[in-house]
file final07.txt (compact mmCIF, C-alpha atoms)
# COMPACT_ATOMS: atom_id res chain seq x y z
CA MET A 1 0.00 0.00 0.00
CA ARG A 2 1.18 3.49 -0.83
CA PHE A 3 1.79 6.48 1.40
CA TYR A 4 0.00 9.78 0.84
CA GLU A 5 3.09 11.28 -0.78
CA ASP A 6 3.13 8.49 -3.41
CA ILE A 7 -0.43 9.10 -4.52
CA GLU A 8 -1.15 11.21 -7.60
CA ILE A 9 -4.46 12.32 -9.05
CA GLY A 10 -5.40 10.07 -11.97
CA GLN A 11 -3.50 7.03 -10.70
CA ARG A 12 -5.41 3.94 -11.73
CA ARG A 13 -5.30 0.33 -10.57
CA GLU A 14 -7.01 -2.71 -12.06
CA LEU A 15 -8.49 -4.58 -9.11
CA GLY A 16 -9.47 -7.81 -10.88
CA SER A 17 -12.75 -9.37 -11.94
CA PHE A 18 -15.51 -11.36 -10.26
CA THR A 19 -18.31 -13.54 -11.68
CA PHE A 20 -21.66 -13.34 -9.87
CA LYS A 21 -23.02 -16.88 -9.59
CA ALA A 22 -26.76 -17.44 -9.05
CA GLU A 23 -26.17 -19.28 -5.79
CA ASP A 24 -24.08 -16.42 -4.36
CA ILE A 25 -26.66 -13.82 -5.43
CA LYS A 26 -29.45 -15.73 -3.66
CA ARG A 27 -27.38 -16.43 -0.55
CA PHE A 28 -26.56 -12.74 -0.09
CA ALA A 29 -30.15 -11.75 -0.82
CA ARG A 30 -31.67 -14.21 1.68
CA GLN A 31 -29.57 -12.63 4.38
CA PHE A 32 -29.64 -8.93 3.54
CA ASP A 33 -31.98 -8.02 0.69
CA PRO A 34 -34.75 -10.60 0.16
CA GLN A 35 -36.56 -8.74 -2.61
CA ARG A 36 -37.93 -11.40 -4.92
CA PHE A 37 -35.95 -10.35 -8.01
CA HIS A 38 -32.79 -11.17 -6.00
CA LEU A 39 -34.06 -14.63 -4.96
CA SER A 40 -35.49 -16.36 -8.01
CA GLU A 41 -34.61 -16.57 -11.70
CA GLU A 42 -38.27 -16.45 -12.69
CA GLU A 43 -39.11 -13.45 -10.51
CA GLY A 44 -36.00 -11.75 -11.83
CA ARG A 45 -36.96 -12.36 -15.47
CA ASN A 46 -40.40 -10.93 -14.78
CA SER A 47 -39.03 -7.84 -13.04
CA LEU A 48 -37.64 -4.65 -14.55
CA PHE A 49 -34.16 -6.18 -14.17
CA GLY A 50 -34.90 -8.87 -16.77
CA GLY A 51 -33.11 -11.67 -14.88
CA LEU A 52 -31.90 -12.81 -11.48
CA ALA A 53 -30.18 -9.62 -10.28
CA ALA A 54 -27.59 -9.22 -7.53
CA SER A 55 -28.47 -6.93 -4.63
CA GLY A 56 -26.73 -3.59 -5.06
CA TRP A 57 -25.14 -4.14 -1.65
CA HIS A 58 -23.80 -7.49 -2.83
CA VAL A 59 -22.13 -5.72 -5.76
CA ALA A 60 -20.71 -3.10 -3.39
CA SER A 61 -19.43 -5.76 -0.97
CA VAL A 62 -17.75 -7.67 -3.80
CA CYS A 63 -16.08 -4.43 -4.91
CA MET A 64 -14.71 -4.08 -1.36
CA LYS A 65 -13.44 -7.67 -1.56
CA MET A 66 -11.53 -6.75 -4.73
CA ILE A 67 -10.16 -3.56 -3.15
CA VAL A 68 -8.88 -5.48 -0.10
CA ALA A 69 -7.30 -8.22 -2.27
CA ASP A 70 -5.56 -5.58 -4.41
CA GLY A 71 -4.30 -3.82 -1.28
CA GLN A 72 -2.86 -7.08 0.02
CA ARG A 73 -1.12 -7.72 -3.33
CA ALA A 74 0.30 -4.19 -3.34
CA ALA A 75 1.49 -4.60 0.27
CA SER A 76 3.33 -7.85 -0.43
CA GLU A 77 4.92 -6.34 -3.55
CA ALA A 78 6.11 -3.35 -1.51
CA ALA A 79 7.40 -5.65 1.24
CA ALA A 80 9.25 -7.76 -1.38
CA ARG A 81 11.01 -4.59 -2.58
CA GLY A 82 12.04 -3.91 1.01
CA GLU A 83 9.79 -0.85 1.30
CA THR A 84 7.82 0.17 4.35
CA VAL A 85 4.18 -0.78 3.83
CA ALA A 86 1.65 1.97 4.51
CA VAL A 87 -1.36 0.84 6.56
CA TRP A 88 -4.42 2.78 5.43
CA GLY A 89 -6.96 3.98 7.95
CA PRO A 90 -10.70 3.31 7.97
CA SER A 91 -12.97 5.09 5.50
CA PRO A 92 -15.27 7.88 6.74
CA GLY A 93 -17.72 7.17 3.91
CA PHE A 94 -18.53 7.59 0.23
CA ARG A 95 -20.56 9.68 -2.20
CA GLU A 96 -22.14 9.24 -5.62
CA LEU A 97 -22.71 5.49 -5.46
CA ARG A 98 -24.46 4.44 -8.68
CA TRP A 99 -26.13 1.15 -9.53
CA SER A 100 -26.21 2.09 -13.23
CA ILE A 101 -27.44 -1.19 -14.71
CA PRO A 102 -28.39 -4.53 -13.14
CA VAL A 103 -25.75 -7.17 -12.40
CA LEU A 104 -27.34 -10.46 -13.47
CA ALA A 105 -26.42 -14.07 -12.63
CA GLY A 106 -23.41 -15.06 -14.74
CA ASP A 107 -22.21 -11.48 -15.26
CA THR A 108 -18.52 -10.77 -14.72
CA LEU A 109 -17.54 -7.34 -13.42
CA SER A 110 -14.02 -5.99 -13.82
CA PHE A 111 -13.19 -3.51 -11.09
CA ALA A 112 -10.79 -0.57 -11.28
CA SER A 113 -9.94 2.36 -9.04
CA GLU A 114 -8.81 5.87 -9.93
CA VAL A 115 -7.60 8.65 -7.61
CA GLU A 116 -9.70 11.82 -7.98
CA THR A 117 -8.60 14.13 -5.16
CA ARG A 118 -5.98 14.29 -2.42
CA ARG A 119 -5.48 16.73 0.44
CA SER A 120 -3.76 16.86 3.79
CA SER A 121 -5.79 16.79 6.97
CA ASP A 122 -5.61 19.90 9.17
CA SER A 123 -6.85 18.11 12.25
CA ARG A 124 -4.76 14.95 11.76
CA PRO A 125 -1.30 15.87 10.43
CA GLU A 126 -0.22 12.23 10.20
CA TRP A 127 -2.94 11.48 7.65
CA GLY A 128 -3.90 12.57 4.15
CA ILE A 129 -7.41 12.29 2.74
CA VAL A 130 -7.83 10.69 -0.67
CA GLN A 131 -10.96 10.28 -2.79
CA ILE A 132 -10.97 7.28 -5.10
CA ARG A 133 -13.55 6.46 -7.79
CA ASN A 134 -14.14 2.70 -7.93
CA ARG A 135 -15.87 1.27 -10.98
CA GLY A 136 -17.29 -2.13 -11.96
CA THR A 137 -17.66 -2.78 -15.70
CA ASN A 138 -19.44 -5.86 -17.05
CA GLN A 139 -18.35 -8.29 -19.79
CA HIS A 140 -20.07 -6.10 -22.42
CA GLY A 141 -18.00 -3.09 -21.41
CA GLU A 142 -20.96 -1.38 -19.69
CA LEU A 143 -20.42 0.55 -16.46
CA ALA A 144 -22.64 -1.21 -13.91
CA PHE A 145 -21.43 0.17 -10.57
CA SER A 146 -19.36 3.05 -9.26
CA PHE A 147 -18.78 5.13 -6.16
CA LEU A 148 -16.45 7.84 -4.89
CA GLY A 149 -14.89 6.53 -1.69
CA THR A 150 -12.88 8.48 0.87
CA ALA A 151 -9.85 7.04 2.67
CA PHE A 152 -7.38 8.13 5.32
CA VAL A 153 -3.87 7.45 3.97
CA PRO A 154 -0.81 7.71 6.25
CA ARG A 155 1.84 10.33 5.48
CA ARG A 156 5.43 9.28 5.11
CA ARG A 157 6.57 12.55 6.69
CA PRO A 158 3.75 13.89 8.85
CA GLY A 159 3.34 17.65 8.54
CA ALA A 160 5.97 17.97 5.79
CA MET B 1 -36.70 -15.40 6.46
CA THR B 2 -38.95 -12.57 5.48
CA GLN B 3 -39.88 -12.25 1.85
CA ALA B 4 -41.83 -9.79 -0.21
CA PRO B 5 -45.38 -10.99 -0.75
CA GLY B 6 -45.60 -13.39 -3.64
CA PRO B 7 -47.32 -12.33 -6.86
CA ASP B 8 -50.49 -14.23 -6.00
CA SER B 9 -50.74 -13.32 -2.35
CA GLY B 10 -52.48 -9.97 -2.57
CA PRO B 11 -56.12 -9.24 -3.20
CA GLY B 12 -57.51 -6.92 -5.78
CA ARG B 13 -55.01 -7.08 -8.61
CA SER B 14 -56.87 -5.34 -11.40
CA ALA B 15 -56.48 -5.43 -15.13
CA SER B 16 -55.55 -1.75 -15.27
CA HIS B 17 -52.96 -2.22 -12.53
CA THR B 18 -51.47 -5.08 -14.52
CA GLY B 19 -51.51 -3.00 -17.68
CA GLU B 20 -49.72 -0.16 -15.99
CA TRP B 21 -46.88 -2.38 -14.90
CA VAL B 22 -46.54 -4.01 -18.29
CA GLU B 23 -46.34 -0.51 -19.76
CA ILE B 24 -43.64 0.64 -17.33
CA ALA B 25 -41.65 -2.48 -18.04
CA ALA B 26 -42.00 -2.06 -21.81
CA LYS B 27 -40.61 1.47 -21.54
CA CYS B 28 -37.60 -0.05 -19.81
CA GLY B 29 -37.18 -2.55 -22.62
CA HIS B 30 -38.52 -5.63 -20.82
CA ASN B 31 -41.34 -8.01 -21.57
CA LEU B 32 -43.32 -8.40 -18.40
CA THR B 33 -45.95 -11.05 -17.86
CA SER B 34 -48.87 -10.53 -15.52
CA ALA B 35 -47.32 -13.03 -13.06
CA ALA B 36 -44.74 -10.37 -12.25
CA ILE B 37 -47.20 -7.75 -11.08
CA PRO B 38 -46.90 -7.07 -7.37
CA PRO B 39 -50.11 -7.39 -5.40
CA MET B 40 -52.13 -4.37 -4.36
CA MET B 41 -52.19 -3.34 -0.70
CA MET B 42 -48.63 -2.23 -1.16
CA LEU B 43 -47.17 1.08 -0.09
CA THR B 44 -47.09 3.53 -2.98
CA PHE B 45 -45.46 6.94 -3.56
CA GLU B 46 -48.35 8.63 -1.75
CA ASP B 47 -47.58 6.71 1.45
CA PHE B 48 -44.26 8.53 1.89
CA PRO B 49 -44.95 12.13 3.01
CA LEU B 50 -42.04 14.33 4.09
CA GLY B 51 -40.85 13.76 7.64
CA ARG B 52 -40.27 10.83 9.98
CA LEU B 53 -41.34 7.52 8.51
CA GLY B 54 -40.47 5.47 11.56
CA THR B 55 -37.94 3.98 13.94
CA TYR B 56 -37.13 0.31 13.50
CA GLY B 57 -35.21 -2.46 15.19
CA PRO B 58 -33.49 -3.38 17.37
CA ARG B 59 -31.32 -5.76 15.37
CA HIS B 60 -28.73 -7.64 17.44
CA VAL B 61 -25.36 -8.20 15.76
CA THR B 62 -23.15 -11.09 16.86
CA ARG B 63 -19.37 -11.45 16.72
CA GLU B 64 -19.77 -14.49 14.51
CA GLU B 65 -21.78 -12.51 11.94
CA ILE B 66 -19.12 -9.80 11.87
CA LEU B 67 -16.33 -12.34 11.32
CA THR B 68 -18.27 -14.27 8.66
CA PHE B 69 -19.06 -11.17 6.60
CA ALA B 70 -15.50 -9.85 6.93
CA ALA B 71 -13.96 -13.18 5.91
CA GLU B 72 -15.93 -13.17 2.65
CA PHE B 73 -15.99 -9.49 1.69
CA ASP B 74 -13.65 -7.35 3.79
CA PRO B 75 -10.80 -9.43 5.26
CA GLN B 76 -8.87 -6.63 6.95
CA PRO B 77 -7.29 -7.24 10.38
CA MET B 78 -9.55 -4.62 12.06
CA HIS B 79 -12.58 -6.77 11.10
CA LEU B 80 -11.07 -10.23 11.77
CA ASP B 81 -8.55 -10.22 14.58
CA GLU B 82 -9.09 -8.77 18.08
CA GLU B 83 -5.40 -8.32 18.77
CA ALA B 84 -4.58 -6.63 15.45
CA ALA B 85 -7.76 -4.54 15.69
CA ARG B 86 -6.68 -3.03 19.00
CA LYS B 87 -3.70 -1.42 17.26
CA THR B 88 -5.79 0.29 14.57
CA MET B 89 -7.56 3.67 14.50
CA LEU B 90 -10.82 1.85 15.37
CA ASN B 91 -9.28 0.52 18.61
CA GLY B 92 -10.87 -2.92 18.70
CA LEU B 93 -12.69 -5.44 16.53
CA SER B 94 -15.27 -3.73 14.33
CA GLY B 95 -17.68 -4.84 11.63
CA SER B 96 -17.07 -3.94 7.99
CA GLY B 97 -18.76 -0.72 6.93
CA TRP B 98 -20.29 -2.68 4.04
CA HIS B 99 -21.69 -5.16 6.54
CA LEU B 100 -23.32 -2.24 8.32
CA CYS B 101 -24.76 -1.04 4.97
CA SER B 102 -26.10 -4.53 4.26
CA LEU B 103 -27.67 -4.76 7.73
CA MET B 104 -29.26 -1.35 7.16
CA MET B 105 -30.67 -2.64 3.85
CA ARG B 106 -32.21 -5.62 5.65
CA MET B 107 -33.71 -3.39 8.34
CA MET B 108 -35.19 -1.14 5.65
CA PHE B 109 -36.57 -4.21 3.85
CA ASP B 110 -38.24 -5.48 7.02
CA ALA B 111 -39.51 -1.99 7.86
CA PHE B 112 -41.11 -0.94 4.57
CA ILE B 113 -39.31 -1.87 1.34
CA GLY B 114 -40.64 -5.44 1.52
CA ARG B 115 -44.20 -4.14 1.14
CA ALA B 116 -43.55 -1.10 -1.04
CA ALA B 117 -44.13 -0.94 -4.80
CA SER B 118 -40.42 -0.30 -5.22
CA LEU B 119 -38.73 -0.41 -8.60
CA GLY B 120 -35.28 -0.31 -7.05
CA SER B 121 -32.76 2.38 -6.23
CA PRO B 122 -30.40 4.14 -8.63
CA GLY B 123 -27.79 4.60 -5.92
CA VAL B 124 -26.71 6.40 -2.76
CA ASN B 125 -26.08 10.15 -2.70
CA GLU B 126 -23.97 10.04 0.42
CA LEU B 127 -23.04 7.62 3.16
CA LYS B 128 -21.05 8.45 6.30
CA TRP B 129 -19.49 5.83 8.52
CA VAL B 130 -19.47 7.76 11.79
CA ALA B 131 -18.54 5.16 14.43
CA PRO B 132 -17.58 1.48 14.25
CA LEU B 133 -20.02 -1.43 14.39
CA ARG B 134 -19.14 -3.64 17.40
CA SER B 135 -20.07 -7.22 18.20
CA GLY B 136 -23.10 -7.33 20.48
CA ASP B 137 -24.51 -4.04 19.19
CA ASP B 138 -28.28 -3.67 19.09
CA LEU B 139 -29.00 -1.49 16.06
CA THR B 140 -31.94 0.84 15.63
CA LEU B 141 -32.83 2.61 12.40
CA ASP B 142 -34.48 6.03 12.00
CA VAL B 143 -35.87 6.76 8.54
CA ASP B 144 -37.00 10.18 7.31
CA VAL B 145 -38.38 11.15 3.92
CA THR B 146 -36.38 14.22 2.88
CA GLU B 147 -37.73 14.65 -0.66
CA ALA B 148 -40.56 13.18 -2.73
CA ARG B 149 -41.06 14.17 -6.35
CA LEU B 150 -42.79 12.78 -9.40
CA SER B 151 -40.68 11.26 -12.12
CA LYS B 152 -40.64 13.25 -15.36
CA SER B 153 -39.57 10.34 -17.51
CA ARG B 154 -41.94 7.81 -15.92
CA PRO B 155 -45.12 9.58 -14.74
CA GLU B 156 -46.40 6.38 -13.11
CA THR B 157 -43.62 6.63 -10.57
CA GLY B 158 -42.14 8.97 -8.02
CA ILE B 159 -38.69 9.31 -6.52
CA VAL B 160 -38.59 9.25 -2.73
CA THR B 161 -35.34 10.25 -1.07
CA PHE B 162 -34.73 8.74 2.35
CA ARG B 163 -32.35 9.70 5.12
CA ALA B 164 -31.53 6.62 7.19
CA VAL B 165 -29.56 6.76 10.44
CA VAL B 166 -28.33 3.68 12.31
CA ARG B 167 -27.60 3.98 16.03
CA ASN B 168 -26.37 1.57 18.68
CA ALA B 169 -28.13 0.93 22.00
CA SER B 170 -26.46 3.94 23.64
CA GLY B 171 -27.79 6.22 20.92
CA GLN B 172 -24.45 6.78 19.19
CA VAL B 173 -24.79 7.27 15.42
CA LEU B 174 -22.92 4.55 13.49
CA CYS B 175 -23.86 5.55 9.95
CA GLU B 176 -26.04 7.93 7.97
CA MET B 177 -27.24 7.43 4.42
CA ILE B 178 -29.12 9.54 1.89
CA SER B 179 -30.56 7.46 -0.93
CA PRO B 180 -33.44 7.68 -3.42
CA ILE B 181 -35.86 4.84 -4.21
CA ILE B 182 -38.19 4.76 -7.22
CA ILE B 183 -41.71 3.92 -6.07
CA ARG B 184 -44.86 3.43 -8.14
CA ARG B 185 -47.72 5.89 -7.67
CA ARG B 186 -51.14 4.81 -6.52
CA GLU B 187 -53.26 3.35 -9.25
CA GLY B 188 -55.14 6.06 -11.11
CA ALA B 189 -52.87 8.90 -9.90
CA GLN B 190 -52.88 11.69 -12.46
CA GLY B 191 -50.53 14.37 -13.70

call {"tool": "encode", "arguments": {"input": "final07.txt", "output": "structure tokens"}}
result
Amino acid sequence: MRFYEDIEIGQRRELGSFTFKAEDIKRFARQFDPQRFHLSEEEGRNSLFGGLAASGWHVASVCMKMIVADGQRAASEAAARGETVAVWGPSPGFRELRWSIPVLAGDTLSFASEVETRRSSDSRPEWGIVQIRNRGTNQHGELAFSFLGTAFVPRRRPGA
Amino acid sequence: MTQAPGPDSGPGRSASHTGEWVEIAAKCGHNLTSAAIPPMMMLTFEDFPLGRLGTYGPRHVTREEILTFAAEFDPQPMHLDEEAARKTMLNGLSGSGWHLCSLMMRMMFDAFIGRAASLGSPGVNELKWVAPLRSGDDLTLDVDVTEARLSKSRPETGIVTFRAVVRNASGQVLCEMISPIIIRRREGAQG
């Protein structure tokens, strides 16, 4: 993981791809979002989604899974180069989350992240605040999911 | 497990109601059969005036749930390992913020979405994670309607914007969300 000083606006990372299987869609939905178009192929086909659709929160949670996996890859790469690994802080939230089109059973989303803003924190000089746009694009190249997340990123030289 | 009422469970499904739904679906590019039409007796746009909709819960959250969600979707030490979590900014094991969002979704489903003529949500305007979710928390949910307007592109529907706030048992705010949901208008609503 990078330090605040290493982060530039426009930096982009491919986070990897994930295929939404019907069983996973239904399992998530039974627990958190049991609307019928998330539970049954037939109900999904007959809904505005046109097929068994993943809960939007399932899509968001999978995106987080990809973000964490990418962070772990980046951390082990940095460690292998003998660099100090930055440990990012918790996120205070996000804005502009969009479920643009449905994610249907069998769809594969490719996730990517792109840095949009960075600023130092007045109240916490050891941290910088970074906004990152995360996007999920399906196998047809259509943007299905995106949000602008905020993260606390440690500074290599606090206050510098 | 709670589910939305099945398509045949509600009384009074009328031909014009069915036609309206088929029409909405056709505009969205889908072929809809009458089996897909939600039953009447559902909450419609008109049932969401501005102001407090309600307070819901409590929903108890166990340590096991927190660990299970984190292992699948958010395997960071602060969500998985007590010892490692104590050294982080959150100062102790906490649930994933996305777990909290998903729990909020379920509480909203049980509260009103499960019986609303909802066509889904286009997204979330803003979400703030204010304080960490802890194992053993009993969550309550306050929901307010902050905006309700008719859809220009689909006059059969309205867009209701909700503000949802999750608190723990001591009243501390854990997260706040502002999100719109598209909801069908009452049958026969004009203009």

call {"tool": "residues_around", "arguments": {"input": "final07.txt", "residues": "A:Trp57", "least_positions_apart": "3", "cutoff": "8 Å", "atoms": "only C-alpha atoms", "output": "NGL selection string"}}
result
(:A and (60-61)) or (:B and (98 or 101-102 or 105))

call {"tool": "closest_residue", "arguments": {"input": "final07.txt", "among": "B:Ser170, B:Ser135, B:Ser153, B:Thr88", "to": "chain A", "atoms": "only C-alpha atoms"}}
result
B:Thr88

call {"tool": "closest_residue", "arguments": {"input": "final07.txt", "among": "A:Phe49, A:Pro90, A:Ile129, A:Gly71", "to": "B:Ala131", "atoms": "only C-alpha atoms"}}
result
A:Pro90

call {"tool": "atom_distance", "arguments": {"input": "final07.txt", "atom1": "atom CA of B:His79", "atom2": "atom CA of B:Thr62"}}
result
12.8 Å

call {"tool": "residues_around", "arguments": {"input": "final07.txt", "residues": "A:Gln11", "least_positions_apart": "3", "cutoff": "12 Å", "atoms": "all atoms listed in the file", "output": "list in words"}}
result
Arg2, Asp6, Ile7, Glu8, Glu14, Ala112, Ser113, Glu114, Val115, Glu116, Thr117, Arg118, Val130, Gln131, Ile132, Arg133 and Asn134 of chain A

call {"tool": "closest_residue", "arguments": {"input": "final07.txt", "among": "B:His99, B:Arg52, B:Lys87, B:Lys128", "to": "chain A", "atoms": "all atoms listed in the file"}}
result
B:Lys128

call {"tool": "atom_distance", "arguments": {"input": "final07.txt", "atom1": "atom CA of B:Gly57", "atom2": "atom CA of B:Asp138"}}
result
8.0 Å

call {"tool": "closest_residue", "arguments": {"input": "final07.txt", "among": "A:Trp99, A:Phe20, A:Trp88, A:Phe3", "to": "chain B", "atoms": "all atoms listed in the file"}}
result
A:Trp99

call {"tool": "closest_atom_pairs", "arguments": {"input": "final07.txt", "of": "chain A", "to": "chain B", "cutoff": "10 Å", "atoms": "all atoms listed in the file", "output": "tab-separated table"}}
result
residue	atom	partner	partner_atom	distance
A:Phe28	CA	B:Ser102	CA	9.3
A:Ala29	CA	B:Arg106	CA	9.1
A:Arg30	CA	B:Met1	CA	7.0
A:Gln31	CA	B:Arg106	CA	7.6
A:Phe32	CA	B:Arg106	CA	4.7
A:Asp33	CA	B:Arg106	CA	5.5
A:Pro34	CA	B:Gln3	CA	5.6
A:Gln35	CA	B:Ala4	CA	5.9
A:Arg36	CA	B:Ala4	CA	6.3
A:Phe37	CA	B:Ala36	CA	9.8
A:Leu39	CA	B:Gln3	CA	9.3
A:Glu42	CA	B:Ala36	CA	8.9
A:Glu43	CA	B:Ala36	CA	6.6
A:Gly44	CA	B:Ala36	CA	8.9
A:Arg45	CA	B:Leu32	CA	8.0
A:Asn46	CA	B:Ala36	CA	5.1
A:Ser47	CA	B:Ala36	CA	6.3
A:Leu48	CA	B:Ala25	CA	5.7
A:Phe49	CA	B:His30	CA	8.0
A:Gly50	CA	B:His30	CA	6.3
A:Ser55	CA	B:Ser102	CA	9.5
A:Gly56	CA	B:Gly123	CA	8.3
A:Trp57	CA	B:Ser102	CA	6.0
A:His58	CA	B:Ser102	CA	8.0
A:Ala60	CA	B:Trp98	CA	7.5
A:Ser61	CA	B:Phe73	CA	5.7
A:Val62	CA	B:Phe73	CA	6.0
A:Cys63	CA	B:Phe73	CA	8.3
A:Met64	CA	B:Asp74	CA	6.2
A:Lys65	CA	B:Phe73	CA	4.5
A:Met66	CA	B:Phe73	CA	8.3
A:Ile67	CA	B:Asp74	CA	8.6
A:Val68	CA	B:Asp74	CA	6.4
A:Ala69	CA	B:Pro75	CA	8.4
A:Gly71	CA	B:Gln76	CA	9.8
A:Gln72	CA	B:Gln76	CA	9.2
A:Val87	CA	B:Thr88	CA	9.2
A:Trp88	CA	B:Thr88	CA	9.6
A:Gly89	CA	B:Met89	CA	6.6
A:Pro90	CA	B:Met89	CA	7.3
A:Ser91	CA	B:Trp129	CA	7.2
A:Pro92	CA	B:Trp129	CA	5.0
A:Gly93	CA	B:Lys128	CA	4.3
A:Phe94	CA	B:Leu127	CA	5.4
A:Arg95	CA	B:Glu126	CA	4.3
A:Glu96	CA	B:Asn125	CA	5.0
A:Leu97	CA	B:Val124	CA	4.9
A:Arg98	CA	B:Gly123	CA	4.3
A:Trp99	CA	B:Gly123	CA	5.3
A:Ser100	CA	B:Pro122	CA	6.6
A:Ile101	CA	B:Pro122	CA	8.6
A:Pro102	CA	B:Pro122	CA	10.0
A:Phe145	CA	B:Gly123	CA	9.0
A:Ser146	CA	B:Gly123	CA	9.2
A:Phe147	CA	B:Val124	CA	8.7
A:Leu148	CA	B:Glu126	CA	9.5
A:Gly149	CA	B:Leu127	CA	9.5
A:Thr150	CA	B:Lys128	CA	9.8

call {"tool": "atom_distance", "arguments": {"input": "final07.txt", "atom1": "atom CA of B:Phe162", "atom2": "atom CA of A:Arg135"}}
result
24.3 Å

call {"tool": "residues_around", "arguments": {"input": "final07.txt", "residues": "A:Glu126", "least_positions_apart": "2", "cutoff": "10 Å", "atoms": "all atoms listed in the file", "output": "list of chain:residue names"}}
result
A:Tyr4, A:Ser120, A:Ser121, A:Asp122, A:Ser123, A:Arg124, A:Gly128, A:Phe152, A:Val153, A:Pro154, A:Arg155, A:Arg156, A:Arg157, A:Pro158, A:Gly159, A:Ala160

call {"tool": "closest_residue", "arguments": {"input": "final07.txt", "among": "A:Ala54, A:Val85, A:Val59, A:Ala79", "to": "A:Ser110", "atoms": "all atoms listed in the file"}}
result
A:Val59
